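These notes concern the structure reproduced below.
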Amino acid sequence: MALLRRILIRFGNLFRKDRAEAELAREVEAHLVLIADDFERRGMSPEEARVAAKRAYGGVEQAKQAHRDERSLLWMEHSLQDLRHAGRALAHSPGFTLVAIATIALGVGVNTTLFTAYNAVALKPLPIADADKVVRLRRTLTSGFIGENQYAFSYPEYANLRDQQHAFQSVVAASWPVKVLVAAPGESSSNQLIPAQAQLVSGNYFGALGINASLGRVFGSDEDRVGNPVVVLSYAYWQRQFRGDPQVLGSIVRIRNTSFTIIGVTPQEFTGTSLNPQVPDLWAPVSMQGQLVPGQDWLHKPTDFELQILAHLDPGIGLKQAQAQTDSLVRQFTTTYVTKDRTLAVALERTAFFGNTNDPRFRAGVGAVMVIFILVLLVACANVTNMLVARGAARQKEISVRLALGASRARVIRHLLTESMLLALAGGVAGLALAAAAGKLLWIALDQILVRQLGSDFVLSLNLNPDTRVLTYALGLSVATGLIFGLSPALQFTKPDLNTSLKDESTSFGRGMDRSRLRGLLICGQVAVSMLLLSSAGLLIRGLARSQAADPGFDTQGIYLLRANFGDEPVRAAAEFHRLTDWLKTAPEVANVSYGTAPMMGTWTPPIFVKRPGAVEGSIEGRTLAGYASDNFLNTMGITLLRGRNFTAHETSTGAHVAVVCASTARLYWPNEDPLGKHFQLDLHFDGKRTDFEIIGIVKDVRFANLTRVDPARVYLAADPTQLYPVFFNLRGDQQTSIAGLWTRLRGFNNDIAASVSMWNVETMLLAPQRTLARALAMLAAILALLALSLAGIGIYGVMAYVVSQRTREIGVRIALGATAGRVLQRIAMEGLRPVLIGLIIGLAGGAGLSLLLHRTLAFPGSIDFLYGVSFYDPLTFLGITVFLTVVSLMASLGPALKAIRVNPVIALRYE
Amino acid sequence: MPAQILQGTLDLMILRTLSTMGPQHAYGIANRLQQISDDSLNLNQGTIYPALIRLEQYGWTRGAWSRTENNREAKYYTITKAGLKALEEETARWRQMSAVVEKLLTEEK
């Protein structure tokens with residue numbers, strides 16, 4: 001109690017300093033008078049008495065200082081002093097302050113923007129009550145597959161876990177979004193069908209996650225027992241489709257052939273719990289699966305993995321215990337009911353906006369990007385350090401005087417650091433504002449890209465507003481920045497060296513070797529980082545230019561991809577599939593119809609074995625991209641046949657073991673012979689069993705795996721008649737009217753199938769996103785590189801200007817002694833450029849290393865080449881960037897150097 | 001050679017002085033300490049100021065301006081209720097401590 005009271009008073013005294021001082025002076029004065037009175041009484045003269053009193057009292061100033069130390073929080077008082085002083089000092093040189101703050105703001109700003117995005121996707125909790133208590137189930141599969149499949153569970157698995165567990169308050173299940181066509185209420189014509197995303201959820205879904213309806217009600221926990229055609233709308237969908245009309249409760253919407261009653265609307269904040277950041281439009285009880293996704297039986301098939309499972313932890317049970325229980329329950333169940341791709345383990349995962357953010361590859365990617373962004377911040381830091389060094393040199397005398405007068409080194413360092421911190425924090429605040437603005441822009445850009453790619457019914461649920469985590473990050477970053485750029489100048493300038501700096505000789509010949517070395521190092525680092533960023537950006541931009549013009553090698557503009565749901569039963573589904581493709585051929589809007597493996601949607605790279613000519617046993621082994629094709633596939637896609645022949649209808653309807661290979665495959669495996677009629681084997685299912693194929697044709701090369709490069713090897717196999725494939729077709733006449741006509745005709749053909757059909761244009765759906773990605777990457781790299789470059793340019797200029805100003809006298813002496821202007825210029829420029837050149841070399845080596853690393857990832861035939869085939873030691877890029885940077889450095893150092901040779905030797909010498 | 005004041009004992013001595021002698025100014029307190037110690041304490045009078053402010057901030061004493069008999073102004077310190085309680089505790093602790101030290105020193109011989 002007493003202690004707390006004292007601390008509060010001491011804190012209060014910080015702000016009552018003047019009153020306390022006056023009171024103290026009065027008390028000491030009174031004290032001295034009392035002593036003097038006593039001495040006078042003993043017979044001293046008043047004069048003598050006063051002197052004696054002072055002697056008896058001891059040091060008055062020491063006593064006062066001891067009193068002050070006790071009275072107030074000294075360190076805080078000093079900090080306040082420092083703060084005021086720093087504020088004044090910075091306000092005194094507004095130019096320096098503004099440039100420093102802007103520099104830091106840029107560095108902190110780009111980093112905070114990145115963190116904001118990362119925060120939104122990976123760190124922010126789901127928009128539910130008790131988000132930290134809710135976990136998501138993820139399993140490890142024997143196949144080692146990483147991705148969304150890990151989060152998929154079947155309904156029987158879910159029911160088993162729900163009923164057997166004792167570790168959770170509740171366990172809920174929710175499907176991936178299911179595409180449905182909704183007939184809005186009141187509109188009787190079934191033509192007015194609007195696509196929507198529905199999510200099937202267990203009855204306890206909303207209750208267990210603590211979501212109450214903003215209008216009406218949500219599902220009761222047993223509303224998923226049987227049937228029950230009710231739906232809950234998302235807030236966004238309600239606003240969009242029903243204009244926020246509260247009368248919508250109780251009305252009927254028709255989905256397929258079932259009438260659903262709208263019973264509620266979720267709150268605006270609830271944006272779903274899906275792995276992907278997409279808000280479902282409406283929710284239905286999982287018991288309505290038969291009506292929403294006909295032909296399948298999720299509720300009873302233990303191998304139909306359609307649901308994501310979330311669980312709300314029981315307060316009394318630890319995560320480890322809950323995980324052990326879940327793991328054993330799920331594995332027990334799967335060993336009994338699941339034969340393919342068994343479950344190795346089940347883990348409980350923190351829920352975040354994106355489900356896959358725990359994926360190590362995602363983390364590695366984010367880490368790499370963060371390193372690059374931090375590099376930019378470091379360049380900014382180096383600049384401010386350099387500015388501080390220059391500024392500190394001018395203040396060297398002030399600092400020396402303070403040290404000489406008895407200020408402790410720690411105190412002076414603290415004083416200098418306060419100034420850096422003030423700068424850093426101001427820069428941090430500005431950076432945060434910058435990041436907020438950039439976040440908004442990012443959101444708009446993302447939204448536009450996604451809406452353009454995925455249609456206007458896609459609602460992005462990403463929240464990029466800064467929260468406490470972002471604020472903390474920005475603050476931490478600023479403080480770290482302040483320390484980084486402030487500490488080394490502060491340490492240097494307080495180095496005890498009173499003798500030289502007190503005299504007016506602080507800038508003489510050869511002084512401050514370590515200081516100029518520090519500056520050289522900083523410049524060197526800045527140039528190296530800029531070089532690295534610039535060369536990466538250069539390569540990416542060259543890649544970008546190629547990506548926009550990249551020819552996939554097949555027709556994309558006029559090709560449409562059609563996919564539909566034909567139900568669960570394989571034989572019936574295959575029959576339905578062929579009925580649809582046959583019907584499509586008769587549609588007057590359609591020119592060509594084919595089916596086969598889709599381009600740009602994942603790769604399949606089975607091992608390939610080719611017998612060497614002459615060798616009995618030996619064979620060339622490798623991996624090749626592979627895909628299936630119907631007889632008309634190559635024709636429809638516009639992949640030209642170079643030699644041999646195409647598949648026949650007979651071959652694709654019997655699944656004959658014949659293949660068409662592309663030219664690159666032919667060159668790779670049969671370099672000097674005719675591949676036609678040759679055989680190769682594929683391990684189709686990765687199980688060691690080889691299937692033999694005969695080559696019947698050779699086609700031209702394509703970019704089929706992704707747009708970034710020509711497939712290094714690809715084989716087309718005759719389609720298997722028992723399997724289903726995406727359908728590809730092109731249209732006659734005007735595409736817009738033809739596709740609209742086709743939609744109408746399709747509903748007349750089979751309304752059930754039509755409801756599940758999606759038709760995409762191959763160019764806009766599959767290629768445009770890749771081009772957009774390339775553009776975004778190149779732009780990002782260019783912005784960062786330009787930022788780093790301008791920072792480095794400013795840095796070089798600043799340092800050169802400083803060096804020249806410090807060496808004015810030396811230059812004067814040289815000129816007086818007969819050095820020519822040219823020689824002086826050369827000398828100054830050479831000295832300024834040395835660290836630049838070293839930095840260039842380091843950066844170049846770094847860039848080459850990065851290229852090499854990227855190159856390594858291309859060994860696999862399906863991998864993506866971000867540079868679109870720009871060679872990795874692209875001489876044009878590297879040479880261009882080197883010249884560019886050298887010119888920038890020269891320009892930056894030329895101004896100060898020119899100023900140096902105009903030095904008047906007489907004036908310069910007067911100082912010496 | 002005059003003794004230095006043992007760290008932490010000054011507070012106790014001031015509290016004790018105030019409790020036996022009633023309200024006192026800094027000079028009075030310093031005089032009293034010097035007198036009690038038969039001038040064997042090396043006490044600059046200014047030394048007691050930090051202790052005085054500390055005790056006041058703890059709430060154990062209260063200071064108020066007043067006049068001496070000779071009509072000089074002086075700040076008089078009074079011990080508070082909390083101060084009396086603290087004095088009691090500090091005294092007990094001091095006794096305990098000094099007994100321990102004494103015992104130890106006797107045994108050492």
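Chain identifiers are assigned as A, B, and so on, following the order in which chains appear in the structure tokens; residues are numbered from 1 within each chain, and ligands are numbered from 1 in order of appearance.
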
Give me the residues within 7 Å of Ala82 of chain B as an NGL selection string, counting only C-alpha atoms and dropping any in the same chain fewer than 3 places off. :B and (59-60 or 85-86)

Once you count only C-alpha atoms, which residues of chain A turn out to be within 10 Å of chain B? Could you give them as an MDAnalysis selection string? chainID A and resid 1:10 23:24 26:35 37 53:71

Just the strand (DSSP E or B) stuff from chain B, please, per backbone DSSP, written as a PyMOL selection string. chain B and resi 3+24-25+41+61-67+73-79

For Thr9 of chain B, work out the shell of residues within 10 Å, counting only C-alpha atoms and skipping chain neighbours fewer than 5 positions away, then give it as number ranges by chain. B: 14, 51, 90, 94

May I have the selected residues written with C-alpha atoms, as an mmCIF file, in the first residue's frame?
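To be explicit, this is the file written out as result-v2.cif:
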data_model
loop_
_atom_site.group_PDB
_atom_site.id
_atom_site.type_symbol
_atom_site.label_atom_id
_atom_site.label_comp_id
_atom_site.auth_asym_id
_atom_site.auth_seq_id
_atom_site.Cartn_x
_atom_site.Cartn_y
_atom_site.Cartn_z
ATOM 1 C CA ILE B 14 13.582 9.515 12.282
ATOM 2 C CA ALA B 51 14.649 10.052 4.089
ATOM 3 C CA GLU B 90 10.487 -1.723 11.899
ATOM 4 C CA TRP B 94 15.570 -4.211 13.875
#

For Ala183 of chain A, work out the shell of residues within 6 Å, counting only C-alpha atoms and skipping chain neighbours fewer than 3 positions away, then give it as a ChimeraX atom specification. /A:193,253-254

Could those residues be written to a file, using N, CA and C atoms, as a PDB file, in the first residue's frame?
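Dumped everything to selection_34.pdb:
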ATOM      1  N   LEU A 193     -33.816 -18.608 -63.214  1.00  0.00           N
ATOM      2  CA  LEU A 193     -33.025 -19.359 -62.245  1.00  0.00           C
ATOM      3  C   LEU A 193     -31.735 -18.602 -61.971  1.00  0.00           C
ATOM      4  N   VAL A 253     -38.531 -20.585 -51.556  1.00  0.00           N
ATOM      5  CA  VAL A 253     -37.681 -20.571 -52.744  1.00  0.00           C
ATOM      6  C   VAL A 253     -37.614 -21.989 -53.276  1.00  0.00           C
ATOM      7  N   ARG A 254     -37.582 -22.095 -54.607  1.00  0.00           N
ATOM      8  CA  ARG A 254     -37.505 -23.438 -55.189  1.00  0.00           C
ATOM      9  C   ARG A 254     -36.080 -23.718 -55.627  1.00  0.00           C
TER      10      ARG A 254
END

Give the helix (DSSP H, G or I) residues of segment 166-334 of chain A, as assigned by DSSP on the backbone, as a PyMOL selection string. chain A and resi 205-209+235-242+246-248+286-292+319-334

Using only C-alpha atoms, which protein or nucleic acid residues come within 9 Å of segment 828-834 of chain A? Drop anything in the same chain fewer than 4 positions from it, and give the result as an NGL selection string. :A and (520 or 524 or 796 or 799-800 or 803-804 or 823-824 or 838-839 or 886 or 889-890 or 893-894 or 897 or 900)

Could you name the residues that touch segment 702-719 of chain A at 6 Å or less, counting only C-alpha atoms, but leaving out those on the same chain fewer than 2 positions away, as a list in words?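 Result of the neighbour search: Pro552, Gly553, Pro599, Met600, Thr624, Leu625, Ala626, Gly627, Tyr628, Ala629, Ser630, Thr652, Gly655, Ala659, Val660, Val661, Cys662, Ser664, Thr665, Pro861, Gly862, Asp865 and Tyr868 of chain A.
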
Which residues are close to Leu18 of chain B, i.e. within 9 Å by only C-alpha atoms, leaving aside same-chain residues fewer than 2 positions away? Reply as a ChimeraX atom specification. /B:13-16,20-24,29,61,77-79

Suppose you want the space between atom CA of Asn730 of chain A and atom CA of Met759 of chain A; what is it in Å? 11.5 Å

What separation in Å, quoted to one decimal, exists between atom CA of Leu641 of chain A and atom CA of Ile698 of chain A? 6.1 Å
